[in-house]
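Asks: Take this structure first; my questions come after.
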Amino acid sequence: MTGSTEHTDSTAAACCDGAADPAPAAPRLWSVDEHLADVLASVGPLPAIELPLLDARGCRLDEDVLAGGDLPPFDNSSMDGYAVRIADTSGATAEYPSVLAVVGDIAAGAGELPRVGPGQAARIMTGAPVPPGAEAIAPVEWTDGGTGTGLAADAMTAAVEDEEVRVLRPVAVGAHIRRRGSDVAAGSRVLEAGTPLGATQLGLLAAIGRATVRVRPRPRVVVLSTGSELVQPGEPVGPGQIPDSNSFTLTAAAQEAGAIAYRVGGVPDDAARLRAVLEDQLGRADLIVTSGGVSVGAYDVVKEVFESYGGVDFRRLRMQPGKPQGFGRIGGAAGVPLLALPGNPVSAYISFELFVRPVIRTMLGAADVHRPVVRALCPAALRSPAGRRQFLRGRYSAVDGTVEPVGGTESHLVGALARANCLITVPEDVTELPAGSEVDVVLLDS
Ligand SMILES: Nc1nc2c(c(=O)[nH]1)N[C@H]1C(S)=C(S)[C@@H](COP(=O)(O)OP(=O)(O)OC[C@H]3O[C@@H](n4cnc5c(N)ncnc54)[C@H](O)[C@@H]3O)O[C@H]1N2
Ligand code: MOO
C-alpha cells in the first residue's frame with residue numbers, strides 16, 4: 001500500500017504567504033488507476049500446491065507436464081470387427097468373400113492375445129489391443145459378422161471361437177488401427193506451465209496417468225455483508241429492513257472470477273460481533289471482501305473495526321459509483337488482504353469488477369487479469385459529473401458494435417444492473433457526450 005498516511009489532495013490549496021492559518025488539507029482523492037495499482041501491488045500469485053485433478057479445475061498449471069508413456073499406450077482397434085492379414089483379404093468381394101478361421105475373441109482390456117496366422121482372423125472390439133500377426137481391422141460391416149450367411153452384418157454374433165467369418169472387401173494395411181504413440185509420444189510436453197485447466201486438459205492429465213497436478217490454487221475469498229438493516233433472503237423482512245443481496249452478488253462474482261468463495265451472511269453494525277466474525281473467518285481466507293459501512297454514516301462500525309487492526313486505509317476515489325473504498329491487510333503486513341466495498345449494491349458490484357476481480361485473477365496467476373475493453377458507438381447522449389470516472393451500466397451488441405445505457409446512474413438500481421452486460425466508461429474530464437459518440441466499454445460477460 002502507498003500513501004495510506006498522506007491524505008492530501010494534490011489540488012488542495014497550499015499555504016499562502018501571510019495567511020494566518022494554513023487551510024486544512026482536503027482529503028486526498030485517488031484515481032481509479034492509482035487505487036487499482038496500489039491494490040495490485042500488494043498481492044501476487046498464491047504459492048503453488050499439488051491438487052487432485054478435479055480440485056484443480058480452473059487453476060493454472062505450475063509445471064510443464066511431460067507424458068510418462070505413449071498415447072495410445074498400444075496399437076488398438078478403432079472399430080468392432082476382425083483383425084486380419086492383408087494378403088488374406090486381397091480381392092475379396094461380396095460374391096467371392098475371403099473365408100477366414102476365427103482364432104479368438106479380443107475384448108478391450110484383454111491381456112493375452114491370440115496370434116493371427118495366414119487364413120485366420122480374430123474378433124476384436126473397439127479399444128482392444130491388435131493381436132500379433134494382424135495388419136488391419138475389417139469392421140464388422142465389411143464382413144458377415146460370423147453368421148455364415150455371407151451377408152454384410154451390422155453387429156457381432158455371440159462368441160465365435162473356431163468359427164468362420166467372411167470378409168466381403170479388401171482391407172488396407174493399418175486400416176482402423178490406432179497406433180501406439182500416434183496421439184502423444186512418451187516424453188513429449190503435453191501441457192505448458194500457465195495453462196488453465198478445463199475439462200479437456202484434466203482429461204488429458206488423467207489419460208497420461210496423472211492423479212494430481214501442481215497448480216496455483218484458487219484463492220479462498222470470504223464475503224461479508226455488514227449492516228443492521230440486512231436480513232437473509234427468505235426471512236421475514238421487518239420495517240426498514242432489506243434482504244442482503246450484496247453477499248450473493250459478490251460471492252457469485254468471486255466464483256465466476258475463479259475463486260473458492262465463502263458467503264458469510266449479514267453482520268450487524270456491532271463492533272464486537274464484526275470482530276468475532278472476522279477472527280473466525282481469517283483462518284480460511286486468502287482475501288476478505290466486505291460491503292457496507294465505508295462511507296460517513298453514524299453507525300459505520302466497519303471502519304472502526306478494520307482500522308483497529310491497523311494497515312487498513314479508507315479512501316475516496318474519483319469515480320461514480322464506488323467513491324468510498326477501504327483497502328489493506330488484517331493482521332499486519334503478512335496478514336490477509338481486505339477490500340471493503342461500499343454498501344450500495346451497484347457500487348459494491350462495480351467495485352468488485354474494478355478492484356476485487358483483478359486481485360483474484362492475480363492470485364490465480366492468470367494472464368487475463370482485467371476484463372476486455374472495447375470501443376462502441378453509443379446512440380444516446382451521456383452526462384457525467386466532472387472529475388469522476390463514471391461507470392454506467394449498458395447493453396453492448398457485438399453484432400453492430402453499439403452500446404445502450406441501461407437504467408440510470410444511481411447506485412441502488414439492481415434491476416437495471418441485472419440486465420446489463422457491460423460498463424460504459426466516461427472519463428473524469430468529460431461531462432457530456434453527444435449522441436453517437438464512441439465510448440470505452442468493459443465487457444462483463446466475457
Ligand atoms: N453524507 C454522505 N453520505 C454518503 C456518501 C457521502 O460521501 N457522504 N457517500 C455515498 C456513497 S457514494 C455510497 S456508495 C454510500 C456507501 O455507503 P456505505 O458503504 O457506508 O454503505 P451502507 O451505508 O452500509 O449502505 C448503503 C446502501 O446500501 C444498502 N446495502 C448495504 N449493504 C447491503 C447488502 N448487503 N445488500 C443490499 N443492500 C445493501 C444499504 O441498505 C444502503 O441503502 O454512502 C453514500 N452516502
Ligand atoms: O460511490 Mo457511491 O458508490 O456513488 O453510490
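Ligands are numbered from 1 in the order shown, residues from 1 within each chain, and chains are lettered A, B, ... in the order they appear in the C-alpha cells.
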Just want the residues within 9 Å of ligand 2, written as a list in words, counting only C-alpha atoms and all ligand atoms.
Replies: Ser295, Arg316, Leu317, Arg318, Met319, Gln320, Pro321, Gly322, Lys323, Pro324, Gln325, Leu341, Pro342, Gly343, Asn344, Pro345, Val346, Ser347, Ala348, Ile350, Ser351, Thr409, Glu410, Ser411 and His412 of chain A
Asks: Output N, CA and C atoms of each residue in that selection to a file, as a CSV table (one decimal), in the first residue's frame.
Replies:
```csv
chain,number,residue,atom,x,y,z
A,295,SER,N,-18.7,4.6,4.2
A,295,SER,CA,-18.9,6.0,4.0
A,295,SER,C,-18.8,6.7,5.3
A,316,ARG,N,-11.2,7.9,-0.7
A,316,ARG,CA,-12.2,8.2,-1.6
A,316,ARG,C,-11.6,8.3,-3.0
A,317,LEU,N,-12.4,7.8,-4.0
A,317,LEU,CA,-11.9,7.7,-5.3
A,317,LEU,C,-12.6,8.6,-6.2
A,318,ARG,N,-12.0,9.0,-7.3
A,318,ARG,CA,-12.6,9.9,-8.3
A,318,ARG,C,-13.4,9.0,-9.2
A,319,MET,N,-14.5,8.4,-8.7
A,319,MET,CA,-15.3,7.5,-9.6
A,319,MET,C,-16.7,7.5,-9.1
A,320,GLN,N,-17.6,7.2,-10.0
A,320,GLN,CA,-19.0,7.1,-9.7
A,320,GLN,C,-19.7,5.9,-10.4
A,321,PRO,N,-20.3,4.9,-9.8
A,321,PRO,CA,-20.3,4.8,-8.3
A,321,PRO,C,-19.1,4.2,-7.8
A,322,GLY,N,-19.0,4.1,-6.4
A,322,GLY,CA,-17.8,3.4,-5.8
A,322,GLY,C,-16.8,4.4,-5.2
A,323,LYS,N,-17.3,5.5,-4.9
A,323,LYS,CA,-16.4,6.6,-4.3
A,323,LYS,C,-15.7,6.1,-3.0
A,324,PRO,N,-16.4,5.7,-2.0
A,324,PRO,CA,-15.7,5.3,-0.8
A,324,PRO,C,-15.2,3.8,-0.8
A,325,GLN,N,-13.9,3.6,-0.5
A,325,GLN,CA,-13.3,2.3,-0.6
A,325,GLN,C,-12.4,2.1,0.6
A,341,LEU,N,-15.8,-2.7,0.4
A,341,LEU,CA,-16.5,-2.1,-0.7
A,341,LEU,C,-17.7,-1.3,-0.2
A,342,PRO,N,-18.2,-0.3,-0.9
A,342,PRO,CA,-19.4,0.4,-0.5
A,342,PRO,C,-20.6,-0.4,-0.5
A,343,GLY,N,-21.6,-0.1,0.3
A,343,GLY,CA,-22.8,-0.9,0.5
A,343,GLY,C,-23.8,-0.8,-0.6
A,344,ASN,N,-23.9,0.3,-1.3
A,344,ASN,CA,-24.9,0.4,-2.3
A,344,ASN,C,-24.6,-0.7,-3.3
A,345,PRO,N,-25.7,-1.5,-3.7
A,345,PRO,CA,-25.4,-2.7,-4.4
A,345,PRO,C,-24.7,-2.5,-5.8
A,346,VAL,N,-25.0,-1.5,-6.5
A,346,VAL,CA,-24.3,-1.3,-7.8
A,346,VAL,C,-22.9,-0.9,-7.5
A,347,SER,N,-22.7,0.0,-6.5
A,347,SER,CA,-21.3,0.4,-6.1
A,347,SER,C,-20.5,-0.8,-5.7
A,348,ALA,N,-21.1,-1.7,-5.0
A,348,ALA,CA,-20.3,-2.9,-4.5
A,348,ALA,C,-19.9,-3.8,-5.7
A,350,ILE,N,-19.7,-2.9,-9.0
A,350,ILE,CA,-18.7,-2.3,-9.9
A,350,ILE,C,-17.3,-2.2,-9.2
A,351,SER,N,-17.3,-2.0,-7.9
A,351,SER,CA,-16.0,-2.0,-7.2
A,351,SER,C,-15.4,-3.4,-7.2
A,409,THR,N,-28.1,6.4,-13.3
A,409,THR,CA,-26.7,6.4,-12.8
A,409,THR,C,-26.7,6.0,-11.3
A,410,GLU,N,-27.9,6.0,-10.7
A,410,GLU,CA,-27.9,5.8,-9.2
A,410,GLU,C,-27.4,4.3,-8.8
A,411,SER,N,-26.9,4.3,-7.6
A,411,SER,CA,-26.2,3.0,-7.3
A,411,SER,C,-27.1,2.0,-6.5
A,412,HIS,N,-28.4,2.2,-6.5
A,412,HIS,CA,-29.3,1.2,-5.9
A,412,HIS,C,-30.0,0.4,-6.9
```
Asks: Give me the residues within 12 Å of range 332-337 of chain A as a PyMOL selection string, counting only C-alpha atoms and dropping any in the same chain fewer than 4 places off.
Replies: chain A and resi 1+39-44+219-222+278-279+281-290+306-313+326-328+356+359-360+363
Asks: Generate the output file for the selected residues, C-alpha atoms, as a compact mmCIF listing (two decimals), in the first residue's frame.
Replies:
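So again-v1.txt came out as:
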```txt
# COMPACT_ATOMS: atom_id res chain seq x y z
CA MET A 1 0.00 0.00 0.00
CA VAL A 39 -4.20 -2.77 -4.52
CA LEU A 40 -2.49 -4.97 -7.11
CA ALA A 41 0.99 -4.05 -5.88
CA SER A 42 0.17 -5.72 -2.60
CA VAL A 43 -0.86 -9.15 -3.97
CA GLY A 44 0.71 -11.83 -6.11
CA PRO A 219 -7.92 -18.06 -3.76
CA ARG A 220 -10.33 -18.59 -0.88
CA VAL A 221 -12.45 -15.47 -0.64
CA VAL A 222 -14.62 -14.71 2.39
CA LEU A 278 -13.58 -11.68 11.28
CA GLU A 279 -11.45 -13.62 13.75
CA GLN A 281 -13.02 -16.28 9.15
CA LEU A 282 -9.38 -15.19 8.98
CA GLY A 283 -8.09 -18.74 9.13
CA ARG A 284 -9.72 -19.80 5.89
CA ALA A 285 -9.29 -16.61 3.86
CA ASP A 286 -6.76 -15.61 1.24
CA LEU A 287 -8.85 -12.48 0.72
CA ILE A 288 -11.70 -10.82 2.63
CA VAL A 289 -14.31 -8.78 0.80
CA THR A 290 -16.88 -6.79 2.74
CA PHE A 306 -10.91 -2.55 10.43
CA GLU A 307 -8.86 0.47 11.43
CA SER A 308 -8.34 -1.11 14.83
CA TYR A 309 -6.35 -3.89 13.10
CA GLY A 310 -4.03 -1.27 11.57
CA GLY A 311 -2.97 -1.38 7.95
CA VAL A 312 -6.45 -0.73 6.54
CA ASP A 313 -6.89 2.55 4.76
CA GLY A 326 -11.36 0.52 2.15
CA PHE A 327 -8.22 -1.48 1.48
CA GLY A 328 -5.41 -3.04 3.46
CA VAL A 356 -11.52 -7.39 -6.46
CA VAL A 359 -6.93 -9.32 -7.26
CA ILE A 360 -8.48 -12.78 -7.59
CA MET A 363 -3.73 -14.58 -7.05
```
Asks: Do a neighbour search on Arg169 in chain A at 7 Å with only C-alpha atoms, toss out local chain neighbours closer than 5 positions, and write the hits as a ChimeraX atom specification.
Replies: /A:89,91-94,142
Asks: Leaving out Ala381 in chain A and any residue of its chain fewer than 4 positions from it, which residues lie within 9 Å of it when counting only C-alpha atoms, given as a ChimeraX atom specification?
Replies: /A:432-437
Asks: Only C-alpha atoms, please: the residues just picked out, written as a PDB file, in the first residue's frame.
Replies:
```pdb
ATOM      1  CA  GLU A 432     -21.161  15.492 -21.690  1.00  0.00           C
ATOM      2  CA  LEU A 433     -21.016  13.169 -24.641  1.00  0.00           C
ATOM      3  CA  PRO A 434     -23.266  13.874 -27.635  1.00  0.00           C
ATOM      4  CA  ALA A 435     -25.390  11.090 -29.101  1.00  0.00           C
ATOM      5  CA  GLY A 436     -23.348   8.911 -31.434  1.00  0.00           C
ATOM      6  CA  SER A 437     -20.056   9.230 -29.531  1.00  0.00           C
TER       7      SER A 437
END
```
Asks: Do you know which residues are at most 8 Å from Ala366 in chain A counting only C-alpha atoms, after dropping those on the same chain fewer than 5 positions away, and could you put them as a PyMOL selection string?
Replies: chain A and resi 60+194+361
Asks: Residues of the last selection are to be written out with N, CA and C atoms, as a PDB file, in the first residue's frame.
Replies:
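And here's out29.pdb as it stands now:
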```
ATOM      1  N   ARG A  60      -4.362 -22.670 -12.822  1.00  0.00           N
ATOM      2  CA  ARG A  60      -3.307 -22.663 -13.835  1.00  0.00           C
ATOM      3  C   ARG A  60      -2.183 -23.589 -13.431  1.00  0.00           C
ATOM      4  N   GLY A 194       1.297 -22.580 -16.770  1.00  0.00           N
ATOM      5  CA  GLY A 194       0.473 -21.393 -17.038  1.00  0.00           C
ATOM      6  C   GLY A 194      -0.836 -21.729 -17.709  1.00  0.00           C
ATOM      7  N   ARG A 361      -7.805 -12.684  -9.922  1.00  0.00           N
ATOM      8  CA  ARG A 361      -7.121 -13.182 -11.120  1.00  0.00           C
ATOM      9  C   ARG A 361      -5.592 -13.162 -10.922  1.00  0.00           C
TER      10      ARG A 361
END
```
Asks: Restricting the calculation to only C-alpha atoms and all ligand atoms, which member of A:Val167, A:Val442, A:Val302, A:Leu61 is positioned closest to ligand 1?
Replies: A:Val302
Asks: May I ask which of the residues A:Gly111, A:Gly198, A:Pro379, A:Pro27 is the closest one to ligand 1, counting only C-alpha atoms and all ligand atoms?
Replies: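 Of all the options, A:Pro27 lies closest to ligand 1.
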Asks: Between CA of Pro236 in chain A and atom 16 (C, counted along the ligand's line) of ligand 1, what is the spacing in Å?
Replies: 24.7 Å
